[in-house]
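Only one structure is covered here, and it is reproduced in the block below.
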Amino acid sequence: MDGNGRWAKKRFMPRFFGHKQGVDALVRTVLGCADRGIDYLTVFAFSSENWKRPTEEVSGLMGLVLVAVAKYLGKLASHGVRIRIVGDRNQVSDKLRQAWEQAEASTAHNTRITLSVAFNYGGRWDIVQACRQAIAAGLPADQLDEAALTRFMALSHAPDPDLFIRTGGEVRISNFLLWQAAYSELVFSDCLWPEFGDAELDAALAEYARRDRRFGTVESPATASARIET
Ligand code: FPP
């Protein structure tokens with residue numbers, strides 16, 4: 001969800017204003033995905049590196065999340081959204097941890113779409129924490145394979161993403177879903193996150209539909225099964 005700061009700057013407003021609009025874009029996108037039959041959406045809300053931002057911006061973001069949960073949890077829950085938080089919860093305040101727990105508990109029964117919010121998350125952190133958990137669980141080294149490690153990853157409740165969208169014009173992954181995005185289709189949009197809406201979501205989905213997914217083979221599973229059936 002990149003581009004909040006630039007969106008605000010273009011309007012001579014503080015960066016916080018961009019993050020605030022970013023929350024509205026997030027809610028819009030969650031409901032837009034649910035309407036389009038997408039079962040899982042994972043968003044990068046706060047990276048392990050974002051603590052290095054000015055204290056004022058970090059505390060503004062933490063406060064904004066609390067306000068956003070209070071304001072939108074009911075709406076998301078009533079639309080069948082299940083919320084999961086992925087990331088290191090040890091560093092966040094008790095208040096925020098409780099808000100996350102409430103958001104997860106009160107939406108646990110929902111099945112329309114699973115929204116995973118990556119917060120104090122980093123792809124490398126996730127791989128390391130999964131290895132640590134596997135070791136702590138006593139998994140012998142010869143049983144540690146990709147499937148086994150996947151079970152310890154923070155996103156073990158979700159399938160690997162088919163589509164990975166980055167807004168804001170930067171063309172890099174920035175430590176998001178390093179493990180899970182191995183075969184994701186990447187779409188980079190110049191749209192600044194607060195402006196992301198139905199048109200941008202549909203454009204990304206149309207781009208995804210044009211891609212030929214081969215997963216390292218010579219032809220895509222879809223092409224192969226079509227050839228077998230004809
Ligand atoms: C990156 O844009 C965005 C963030 C670091 C924060 C994203 C957070 C939200 C949209 C709010 C999340 C809210 C909830 C409830 C999870 P940037 O500010 O780095 O943009 P820039 O590159 O234009 O400076």
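Residue numbers start at 1 in each chain; chains themselves are named A, B, ... in the order of the structure tokens; ligands are numbered from 1 in the order shown.
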Protein and nucleic acid residues within 6 Å of ligand 1 (only C-alpha atoms and all ligand atoms) as a count of residues only
14
Output as JSON, numbers by chain all residues of chain A that backbone DSSP marks as strand (DSSP E or B).
{"A": [40, 41, 42, 43, 44, 45, 46, 47, 81, 82, 83, 84, 85, 86, 113, 114, 115, 116, 117, 118, 119, 120, 121, 163, 164, 165, 166, 185, 186, 187, 188]}
Pick from A:Ala158, A:Ala199, A:Ala99, A:Ala209 nearest to Arg28 (chain A), counting only C-alpha atoms
A:Ala199
Can you tell me, as a ChimeraX atom specification, what residues are no more than 12 Å from Ala8 (chain A) when counting only C-alpha atoms, ignoring any on the same chain fewer than 6 positions away?
/A:2,14-22,192-195
Close residues, Leu149 (chain A) itself excluded, 10 Å, only C-alpha atoms, min 2 positions apart in chain, as a list in words
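So the residues in contact are Ile127, Ala130, Cys131, Gln133, Ala134, Leu139, Gln143, Leu144, Asp145, Glu146, Ala147, Arg151, Phe152, Met153 and Ser156 of chain A.
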Residues from last step as file, N, CA and C atoms, as a PDB file, in the first residue's frame:
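again.pdb, written as the output of this step:
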```pdb
ATOM      1  N   ILE A 127      10.647 -16.020   7.598  1.00  0.00           N
ATOM      2  CA  ILE A 127      11.410 -17.249   7.334  1.00  0.00           C
ATOM      3  C   ILE A 127      12.197 -17.652   8.592  1.00  0.00           C
ATOM      4  N   ALA A 130       9.858 -18.951  11.320  1.00  0.00           N
ATOM      5  CA  ALA A 130       9.361 -20.293  10.982  1.00  0.00           C
ATOM      6  C   ALA A 130      10.439 -21.337  11.291  1.00  0.00           C
ATOM      7  N   CYS A 131      11.692 -21.032  10.952  1.00  0.00           N
ATOM      8  CA  CYS A 131      12.798 -21.964  11.262  1.00  0.00           C
ATOM      9  C   CYS A 131      12.911 -22.160  12.772  1.00  0.00           C
ATOM     10  N   GLN A 133      10.577 -21.843  15.007  1.00  0.00           N
ATOM     11  CA  GLN A 133       9.445 -22.654  15.493  1.00  0.00           C
ATOM     12  C   GLN A 133       9.651 -24.130  15.160  1.00  0.00           C
ATOM     13  N   ALA A 134      10.155 -24.376  13.955  1.00  0.00           N
ATOM     14  CA  ALA A 134      10.375 -25.767  13.538  1.00  0.00           C
ATOM     15  C   ALA A 134      11.395 -26.439  14.449  1.00  0.00           C
ATOM     16  N   LEU A 139      11.535 -30.609  15.074  1.00  0.00           N
ATOM     17  CA  LEU A 139      11.526 -31.192  13.725  1.00  0.00           C
ATOM     18  C   LEU A 139      12.950 -31.591  13.320  1.00  0.00           C
ATOM     19  N   GLN A 143      13.655 -33.924   8.065  1.00  0.00           N
ATOM     20  CA  GLN A 143      12.216 -33.768   7.777  1.00  0.00           C
ATOM     21  C   GLN A 143      11.843 -32.326   7.456  1.00  0.00           C
ATOM     22  N   LEU A 144      12.841 -31.455   7.484  1.00  0.00           N
ATOM     23  CA  LEU A 144      12.574 -30.038   7.199  1.00  0.00           C
ATOM     24  C   LEU A 144      12.619 -29.827   5.688  1.00  0.00           C
ATOM     25  N   ASP A 145      11.449 -29.835   5.071  1.00  0.00           N
ATOM     26  CA  ASP A 145      11.375 -29.544   3.629  1.00  0.00           C
ATOM     27  C   ASP A 145      10.458 -28.342   3.436  1.00  0.00           C
ATOM     28  N   GLU A 146      10.178 -27.992   2.187  1.00  0.00           N
ATOM     29  CA  GLU A 146       9.394 -26.777   1.922  1.00  0.00           C
ATOM     30  C   GLU A 146       8.001 -26.862   2.541  1.00  0.00           C
ATOM     31  N   ALA A 147       7.366 -28.024   2.402  1.00  0.00           N
ATOM     32  CA  ALA A 147       6.003 -28.173   2.934  1.00  0.00           C
ATOM     33  C   ALA A 147       6.008 -28.046   4.455  1.00  0.00           C
ATOM     34  N   ARG A 151       4.288 -24.771   6.972  1.00  0.00           N
ATOM     35  CA  ARG A 151       3.316 -24.903   8.072  1.00  0.00           C
ATOM     36  C   ARG A 151       3.642 -23.988   9.248  1.00  0.00           C
ATOM     37  N   PHE A 152       4.892 -23.525   9.331  1.00  0.00           N
ATOM     38  CA  PHE A 152       5.273 -22.640  10.433  1.00  0.00           C
ATOM     39  C   PHE A 152       5.296 -21.165  10.025  1.00  0.00           C
ATOM     40  N   MET A 153       5.022 -20.897   8.740  1.00  0.00           N
ATOM     41  CA  MET A 153       5.077 -19.513   8.284  1.00  0.00           C
ATOM     42  C   MET A 153       3.852 -18.744   8.813  1.00  0.00           C
ATOM     43  N   SER A 156       0.448 -19.347   7.130  1.00  0.00           N
ATOM     44  CA  SER A 156       0.129 -20.757   6.844  1.00  0.00           C
ATOM     45  C   SER A 156      -1.374 -20.966   6.660  1.00  0.00           C
TER      46      SER A 156
END
```
When you count only C-alpha atoms, which of these residues is closest to Tyr40 (chain A): A:Gly74, A:Gly216, A:Pro54, A:Pro159?
A:Pro159
Surrounding residues of Phe188 (chain A) excluding itself and chain neighbours under 6 positions, 12 Å, only C-alpha atoms, as a VMD selection string:
chain A and resid 1 to 2 163 to 173 200 to 201 203 to 205 207 to 208
Output file for the selection above: N, CA and C atoms, as a PDB file, in the first residue's frame:
```
ATOM      1  N   MET A   1       0.856  -1.176   0.000  1.00  0.00           N
ATOM      2  CA  MET A   1       0.000   0.000   0.000  1.00  0.00           C
ATOM      3  C   MET A   1       0.894   1.228   0.000  1.00  0.00           C
ATOM      4  N   ASP A   2       1.636   1.442  -1.085  1.00  0.00           N
ATOM      5  CA  ASP A   2       2.649   2.495  -1.109  1.00  0.00           C
ATOM      6  C   ASP A   2       2.123   3.755  -1.799  1.00  0.00           C
ATOM      7  N   LEU A 163      -1.530 -13.208  -7.236  1.00  0.00           N
ATOM      8  CA  LEU A 163      -1.239 -11.866  -7.750  1.00  0.00           C
ATOM      9  C   LEU A 163      -0.659 -11.003  -6.639  1.00  0.00           C
ATOM     10  N   PHE A 164       0.400 -10.279  -6.973  1.00  0.00           N
ATOM     11  CA  PHE A 164       1.091  -9.407  -6.016  1.00  0.00           C
ATOM     12  C   PHE A 164       1.060  -8.011  -6.630  1.00  0.00           C
ATOM     13  N   ILE A 165       0.396  -7.085  -5.977  1.00  0.00           N
ATOM     14  CA  ILE A 165       0.275  -5.726  -6.525  1.00  0.00           C
ATOM     15  C   ILE A 165       1.059  -4.769  -5.636  1.00  0.00           C
ATOM     16  N   ARG A 166       1.911  -3.960  -6.252  1.00  0.00           N
ATOM     17  CA  ARG A 166       2.536  -2.867  -5.495  1.00  0.00           C
ATOM     18  C   ARG A 166       2.098  -1.558  -6.131  1.00  0.00           C
ATOM     19  N   THR A 167       1.574  -0.662  -5.320  1.00  0.00           N
ATOM     20  CA  THR A 167       1.191   0.663  -5.809  1.00  0.00           C
ATOM     21  C   THR A 167       2.342   1.632  -5.588  1.00  0.00           C
ATOM     22  N   GLY A 168       2.196   2.844  -6.088  1.00  0.00           N
ATOM     23  CA  GLY A 168       3.148   3.915  -5.772  1.00  0.00           C
ATOM     24  C   GLY A 168       4.340   4.015  -6.701  1.00  0.00           C
ATOM     25  N   GLY A 169       4.380   3.166  -7.742  1.00  0.00           N
ATOM     26  CA  GLY A 169       5.395   3.340  -8.785  1.00  0.00           C
ATOM     27  C   GLY A 169       6.746   2.692  -8.555  1.00  0.00           C
ATOM     28  N   GLU A 170       7.031   2.222  -7.314  1.00  0.00           N
ATOM     29  CA  GLU A 170       8.328   1.558  -7.092  1.00  0.00           C
ATOM     30  C   GLU A 170       8.247   0.125  -7.628  1.00  0.00           C
ATOM     31  N   VAL A 171       9.378  -0.337  -8.210  1.00  0.00           N
ATOM     32  CA  VAL A 171       9.368  -1.675  -8.803  1.00  0.00           C
ATOM     33  C   VAL A 171      10.272  -2.593  -7.988  1.00  0.00           C
ATOM     34  N   ARG A 172       9.840  -2.898  -6.785  1.00  0.00           N
ATOM     35  CA  ARG A 172      10.583  -3.840  -5.944  1.00  0.00           C
ATOM     36  C   ARG A 172       9.623  -4.468  -4.936  1.00  0.00           C
ATOM     37  N   ILE A 173      10.098  -5.545  -4.301  1.00  0.00           N
ATOM     38  CA  ILE A 173       9.235  -6.318  -3.394  1.00  0.00           C
ATOM     39  C   ILE A 173       9.344  -5.813  -1.953  1.00  0.00           C
ATOM     40  N   GLU A 200      -8.480   0.465 -10.679  1.00  0.00           N
ATOM     41  CA  GLU A 200      -7.098  -0.031 -10.569  1.00  0.00           C
ATOM     42  C   GLU A 200      -7.091  -1.528 -10.232  1.00  0.00           C
ATOM     43  N   LEU A 201      -8.045  -1.937  -9.400  1.00  0.00           N
ATOM     44  CA  LEU A 201      -8.135  -3.357  -9.054  1.00  0.00           C
ATOM     45  C   LEU A 201      -8.479  -4.173 -10.307  1.00  0.00           C
ATOM     46  N   ALA A 203      -7.927  -3.323 -13.385  1.00  0.00           N
ATOM     47  CA  ALA A 203      -6.793  -3.275 -14.317  1.00  0.00           C
ATOM     48  C   ALA A 203      -5.742  -4.324 -13.909  1.00  0.00           C
ATOM     49  N   ALA A 204      -5.503  -4.454 -12.611  1.00  0.00           N
ATOM     50  CA  ALA A 204      -4.518  -5.442 -12.141  1.00  0.00           C
ATOM     51  C   ALA A 204      -5.010  -6.864 -12.418  1.00  0.00           C
ATOM     52  N   LEU A 205      -6.295  -7.086 -12.216  1.00  0.00           N
ATOM     53  CA  LEU A 205      -6.856  -8.425 -12.461  1.00  0.00           C
ATOM     54  C   LEU A 205      -6.822  -8.754 -13.960  1.00  0.00           C
ATOM     55  N   GLU A 207      -4.626  -7.577 -16.085  1.00  0.00           N
ATOM     56  CA  GLU A 207      -3.212  -7.845 -16.376  1.00  0.00           C
ATOM     57  C   GLU A 207      -2.860  -9.286 -15.954  1.00  0.00           C
ATOM     58  N   TYR A 208      -3.335  -9.660 -14.780  1.00  0.00           N
ATOM     59  CA  TYR A 208      -3.102 -11.028 -14.284  1.00  0.00           C
ATOM     60  C   TYR A 208      -3.683 -12.058 -15.266  1.00  0.00           C
TER      61      TYR A 208
END
```
Mind checking which residues fall within 12 Å of Arg89 (chain A), counting only C-alpha atoms, ignoring those fewer than 4 positions away in the same chain, and posting them as an NGL selection string?
:A and (46 or 48 or 85 or 93-101 or 118-121 or 154)
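CA of His157 (chain A) sits 14.4 Å away from CA of Val81 (chain A).
What separates CA of Ile113 (chain A) from CA of Arg214 (chain A) is a distance of 26.3 Å.
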Residue among A:Ala34, A:Ala141, A:Ala181, A:Val218 lying closest to Leu155 (chain A), counting only C-alpha atoms:
A:Ala181
CA of Gly37 (chain A) and CA of Tyr183 (chain A), how far apart in Å?
20.9 Å
Might you pull out every residue within 10 Å of Ala77 (chain A), with only C-alpha atoms counted and same-chain residues fewer than 3 positions away left off, and present them as an mmCIF file with N, CA, C and O atoms, in the first residue's frame?
```cif
data_model
loop_
_atom_site.group_PDB
_atom_site.id
_atom_site.type_symbol
_atom_site.label_atom_id
_atom_site.label_comp_id
_atom_site.auth_asym_id
_atom_site.auth_seq_id
_atom_site.Cartn_x
_atom_site.Cartn_y
_atom_site.Cartn_z
ATOM 1 N N TYR A 72 -13.988 0.590 11.577
ATOM 2 C CA TYR A 72 -14.359 -0.280 10.450
ATOM 3 C C TYR A 72 -14.551 -1.765 10.784
ATOM 4 O O TYR A 72 -14.998 -2.519 9.910
ATOM 5 N N LEU A 73 -14.211 -2.169 12.008
ATOM 6 C CA LEU A 73 -14.298 -3.603 12.294
ATOM 7 C C LEU A 73 -15.722 -4.139 12.076
ATOM 8 O O LEU A 73 -15.919 -5.181 11.448
ATOM 9 N N GLY A 74 -16.715 -3.383 12.579
ATOM 10 C CA GLY A 74 -18.113 -3.824 12.439
ATOM 11 C C GLY A 74 -18.508 -3.978 10.978
ATOM 12 O O GLY A 74 -19.120 -4.975 10.585
ATOM 13 N N GLY A 80 -18.618 -10.215 6.034
ATOM 14 C CA GLY A 80 -18.048 -11.572 5.968
ATOM 15 C C GLY A 80 -16.543 -11.624 5.891
ATOM 16 O O GLY A 80 -15.970 -12.626 5.431
ATOM 17 N N VAL A 81 -15.869 -10.573 6.379
ATOM 18 C CA VAL A 81 -14.397 -10.537 6.309
ATOM 19 C C VAL A 81 -13.796 -11.179 7.567
ATOM 20 O O VAL A 81 -14.150 -10.808 8.688
ATOM 21 N N ARG A 82 -12.920 -12.132 7.352
ATOM 22 C CA ARG A 82 -12.162 -12.713 8.471
ATOM 23 C C ARG A 82 -10.818 -11.992 8.522
ATOM 24 O O ARG A 82 -10.147 -11.866 7.487
ATOM 25 N N ILE A 83 -10.452 -11.503 9.694
ATOM 26 C CA ILE A 83 -9.194 -10.732 9.812
ATOM 27 C C ILE A 83 -8.130 -11.556 10.520
ATOM 28 O O ILE A 83 -8.401 -12.184 11.551
ATOM 29 N N ALA A 103 -10.087 -8.049 16.833
ATOM 30 C CA ALA A 103 -10.429 -8.109 15.403
ATOM 31 C C ALA A 103 -10.413 -9.561 14.912
ATOM 32 O O ALA A 103 -11.300 -9.996 14.170
ATOM 33 N N SER A 106 -13.379 -11.654 16.784
ATOM 34 C CA SER A 106 -14.759 -11.336 16.394
ATOM 35 C C SER A 106 -15.054 -11.646 14.924
ATOM 36 O O SER A 106 -16.196 -11.600 14.510
ATOM 37 N N THR A 107 -14.037 -11.961 14.139
ATOM 38 C CA THR A 107 -14.288 -12.274 12.720
ATOM 39 C C THR A 107 -13.881 -13.719 12.375
ATOM 40 O O THR A 107 -13.927 -14.100 11.210
ATOM 41 N N ALA A 108 -13.503 -14.476 13.396
ATOM 42 C CA ALA A 108 -12.945 -15.820 13.156
ATOM 43 C C ALA A 108 -13.896 -16.732 12.398
ATOM 44 O O ALA A 108 -13.464 -17.632 11.673
ATOM 45 N N HIS A 109 -15.197 -16.505 12.561
ATOM 46 C CA HIS A 109 -16.199 -17.398 11.932
ATOM 47 C C HIS A 109 -16.509 -16.977 10.494
ATOM 48 O O HIS A 109 -17.236 -17.679 9.791
ATOM 49 N N ASN A 110 -16.016 -15.833 10.050
ATOM 50 C CA ASN A 110 -16.362 -15.335 8.703
ATOM 51 C C ASN A 110 -15.631 -16.114 7.614
ATOM 52 O O ASN A 110 -14.490 -16.540 7.804
ATOM 53 N N ARG A 112 -16.192 -15.215 3.909
ATOM 54 C CA ARG A 112 -16.278 -14.658 2.548
ATOM 55 C C ARG A 112 -14.907 -14.300 1.986
ATOM 56 O O ARG A 112 -14.584 -14.589 0.841
#
```
Taking the DSSP secondary structure from the backbone, can you list the residues of region 85-191 of chain A that are alpha helix (DSSP H), as a PDB file with N, CA and C atoms, in the first residue's frame?
```
ATOM      1  N   ASP A  94       0.387  -2.922  24.161  1.00  0.00           N
ATOM      2  CA  ASP A  94      -0.658  -3.833  24.653  1.00  0.00           C
ATOM      3  C   ASP A  94      -2.001  -3.479  24.031  1.00  0.00           C
ATOM      4  N   LYS A  95      -2.231  -2.171  23.893  1.00  0.00           N
ATOM      5  CA  LYS A  95      -3.508  -1.692  23.358  1.00  0.00           C
ATOM      6  C   LYS A  95      -3.717  -2.205  21.929  1.00  0.00           C
ATOM      7  N   LEU A  96      -2.654  -2.107  21.143  1.00  0.00           N
ATOM      8  CA  LEU A  96      -2.758  -2.533  19.744  1.00  0.00           C
ATOM      9  C   LEU A  96      -2.892  -4.054  19.671  1.00  0.00           C
ATOM     10  N   ARG A  97      -2.143  -4.739  20.525  1.00  0.00           N
ATOM     11  CA  ARG A  97      -2.225  -6.214  20.542  1.00  0.00           C
ATOM     12  C   ARG A  97      -3.640  -6.658  20.886  1.00  0.00           C
ATOM     13  N   GLN A  98      -4.248  -5.947  21.841  1.00  0.00           N
ATOM     14  CA  GLN A  98      -5.626  -6.304  22.217  1.00  0.00           C
ATOM     15  C   GLN A  98      -6.598  -6.012  21.076  1.00  0.00           C
ATOM     16  N   ALA A  99      -6.369  -4.901  20.368  1.00  0.00           N
ATOM     17  CA  ALA A  99      -7.247  -4.563  19.226  1.00  0.00           C
ATOM     18  C   ALA A  99      -7.137  -5.640  18.149  1.00  0.00           C
ATOM     19  N   TRP A 100      -5.889  -6.102  17.887  1.00  0.00           N
ATOM     20  CA  TRP A 100      -5.707  -7.177  16.899  1.00  0.00           C
ATOM     21  C   TRP A 100      -6.443  -8.438  17.334  1.00  0.00           C
ATOM     22  N   GLU A 101      -6.289  -8.753  18.661  1.00  0.00           N
ATOM     23  CA  GLU A 101      -6.920  -9.988  19.155  1.00  0.00           C
ATOM     24  C   GLU A 101      -8.429  -9.901  19.031  1.00  0.00           C
ATOM     25  N   GLN A 102      -8.970  -8.716  19.311  1.00  0.00           N
ATOM     26  CA  GLN A 102     -10.421  -8.525  19.199  1.00  0.00           C
ATOM     27  C   GLN A 102     -10.860  -8.650  17.737  1.00  0.00           C
ATOM     28  N   ALA A 103     -10.087  -8.049  16.833  1.00  0.00           N
ATOM     29  CA  ALA A 103     -10.429  -8.109  15.403  1.00  0.00           C
ATOM     30  C   ALA A 103     -10.413  -9.561  14.912  1.00  0.00           C
ATOM     31  N   GLU A 104      -9.419 -10.312  15.365  1.00  0.00           N
ATOM     32  CA  GLU A 104      -9.329 -11.717  14.927  1.00  0.00           C
ATOM     33  C   GLU A 104     -10.450 -12.558  15.531  1.00  0.00           C
ATOM     34  N   ALA A 105     -10.671 -12.370  16.847  1.00  0.00           N
ATOM     35  CA  ALA A 105     -11.666 -13.213  17.528  1.00  0.00           C
ATOM     36  C   ALA A 105     -13.069 -12.940  16.994  1.00  0.00           C
ATOM     37  N   SER A 106     -13.379 -11.654  16.784  1.00  0.00           N
ATOM     38  CA  SER A 106     -14.759 -11.336  16.394  1.00  0.00           C
ATOM     39  C   SER A 106     -15.054 -11.646  14.924  1.00  0.00           C
ATOM     40  N   THR A 107     -14.037 -11.961  14.139  1.00  0.00           N
ATOM     41  CA  THR A 107     -14.288 -12.274  12.720  1.00  0.00           C
ATOM     42  C   THR A 107     -13.881 -13.719  12.375  1.00  0.00           C
ATOM     43  N   GLY A 123       9.442 -10.294   5.228  1.00  0.00           N
ATOM     44  CA  GLY A 123       9.540 -11.636   4.668  1.00  0.00           C
ATOM     45  C   GLY A 123      10.691 -12.427   5.280  1.00  0.00           C
ATOM     46  N   ARG A 124      11.799 -11.752   5.535  1.00  0.00           N
ATOM     47  CA  ARG A 124      12.954 -12.443   6.132  1.00  0.00           C
ATOM     48  C   ARG A 124      12.658 -12.821   7.584  1.00  0.00           C
ATOM     49  N   TRP A 125      12.011 -11.890   8.305  1.00  0.00           N
ATOM     50  CA  TRP A 125      11.599 -12.197   9.680  1.00  0.00           C
ATOM     51  C   TRP A 125      10.758 -13.475   9.694  1.00  0.00           C
ATOM     52  N   ASP A 126       9.839 -13.582   8.730  1.00  0.00           N
ATOM     53  CA  ASP A 126       8.922 -14.726   8.714  1.00  0.00           C
ATOM     54  C   ASP A 126       9.683 -16.042   8.507  1.00  0.00           C
ATOM     55  N   ILE A 127      10.647 -16.020   7.598  1.00  0.00           N
ATOM     56  CA  ILE A 127      11.410 -17.249   7.334  1.00  0.00           C
ATOM     57  C   ILE A 127      12.197 -17.652   8.592  1.00  0.00           C
ATOM     58  N   VAL A 128      12.794 -16.649   9.235  1.00  0.00           N
ATOM     59  CA  VAL A 128      13.573 -16.946  10.450  1.00  0.00           C
ATOM     60  C   VAL A 128      12.665 -17.453  11.573  1.00  0.00           C
ATOM     61  N   GLN A 129      11.517 -16.788  11.758  1.00  0.00           N
ATOM     62  CA  GLN A 129      10.653 -17.240  12.860  1.00  0.00           C
ATOM     63  C   GLN A 129      10.091 -18.630  12.586  1.00  0.00           C
ATOM     64  N   ALA A 130       9.858 -18.951  11.320  1.00  0.00           N
ATOM     65  CA  ALA A 130       9.361 -20.293  10.982  1.00  0.00           C
ATOM     66  C   ALA A 130      10.439 -21.337  11.291  1.00  0.00           C
ATOM     67  N   CYS A 131      11.692 -21.032  10.952  1.00  0.00           N
ATOM     68  CA  CYS A 131      12.798 -21.964  11.262  1.00  0.00           C
ATOM     69  C   CYS A 131      12.911 -22.160  12.772  1.00  0.00           C
ATOM     70  N   ARG A 132      12.808 -21.058  13.498  1.00  0.00           N
ATOM     71  CA  ARG A 132      12.914 -21.164  14.966  1.00  0.00           C
ATOM     72  C   ARG A 132      11.812 -22.045  15.531  1.00  0.00           C
ATOM     73  N   GLN A 133      10.577 -21.843  15.007  1.00  0.00           N
ATOM     74  CA  GLN A 133       9.445 -22.654  15.493  1.00  0.00           C
ATOM     75  C   GLN A 133       9.651 -24.130  15.160  1.00  0.00           C
ATOM     76  N   ALA A 134      10.155 -24.376  13.955  1.00  0.00           N
ATOM     77  CA  ALA A 134      10.375 -25.767  13.538  1.00  0.00           C
ATOM     78  C   ALA A 134      11.395 -26.439  14.449  1.00  0.00           C
ATOM     79  N   ILE A 135      12.467 -25.695  14.788  1.00  0.00           N
ATOM     80  CA  ILE A 135      13.497 -26.242  15.683  1.00  0.00           C
ATOM     81  C   ILE A 135      12.899 -26.479  17.077  1.00  0.00           C
ATOM     82  N   ALA A 136      12.132 -25.462  17.547  1.00  0.00           N
ATOM     83  CA  ALA A 136      11.531 -25.583  18.889  1.00  0.00           C
ATOM     84  C   ALA A 136      10.559 -26.762  18.948  1.00  0.00           C
ATOM     85  N   GLU A 146      10.178 -27.992   2.187  1.00  0.00           N
ATOM     86  CA  GLU A 146       9.394 -26.777   1.922  1.00  0.00           C
ATOM     87  C   GLU A 146       8.001 -26.862   2.541  1.00  0.00           C
ATOM     88  N   ALA A 147       7.366 -28.024   2.402  1.00  0.00           N
ATOM     89  CA  ALA A 147       6.003 -28.173   2.934  1.00  0.00           C
ATOM     90  C   ALA A 147       6.008 -28.046   4.455  1.00  0.00           C
ATOM     91  N   ALA A 148       7.024 -28.636   5.093  1.00  0.00           N
ATOM     92  CA  ALA A 148       7.092 -28.592   6.558  1.00  0.00           C
ATOM     93  C   ALA A 148       7.310 -27.164   7.041  1.00  0.00           C
ATOM     94  N   LEU A 149       8.209 -26.447   6.378  1.00  0.00           N
ATOM     95  CA  LEU A 149       8.480 -25.069   6.818  1.00  0.00           C
ATOM     96  C   LEU A 149       7.259 -24.171   6.577  1.00  0.00           C
ATOM     97  N   THR A 150       6.559 -24.400   5.470  1.00  0.00           N
ATOM     98  CA  THR A 150       5.374 -23.598   5.146  1.00  0.00           C
ATOM     99  C   THR A 150       4.367 -23.636   6.298  1.00  0.00           C
TER     100      THR A 150
END
```
Which one is closest to Gly32 (chain A): A:Leu76, A:Val92, A:Ala70, A:Leu178? Count only C-alpha atoms.
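Ranked by minimum distance to Gly32 (chain A), first place goes to A:Leu76.
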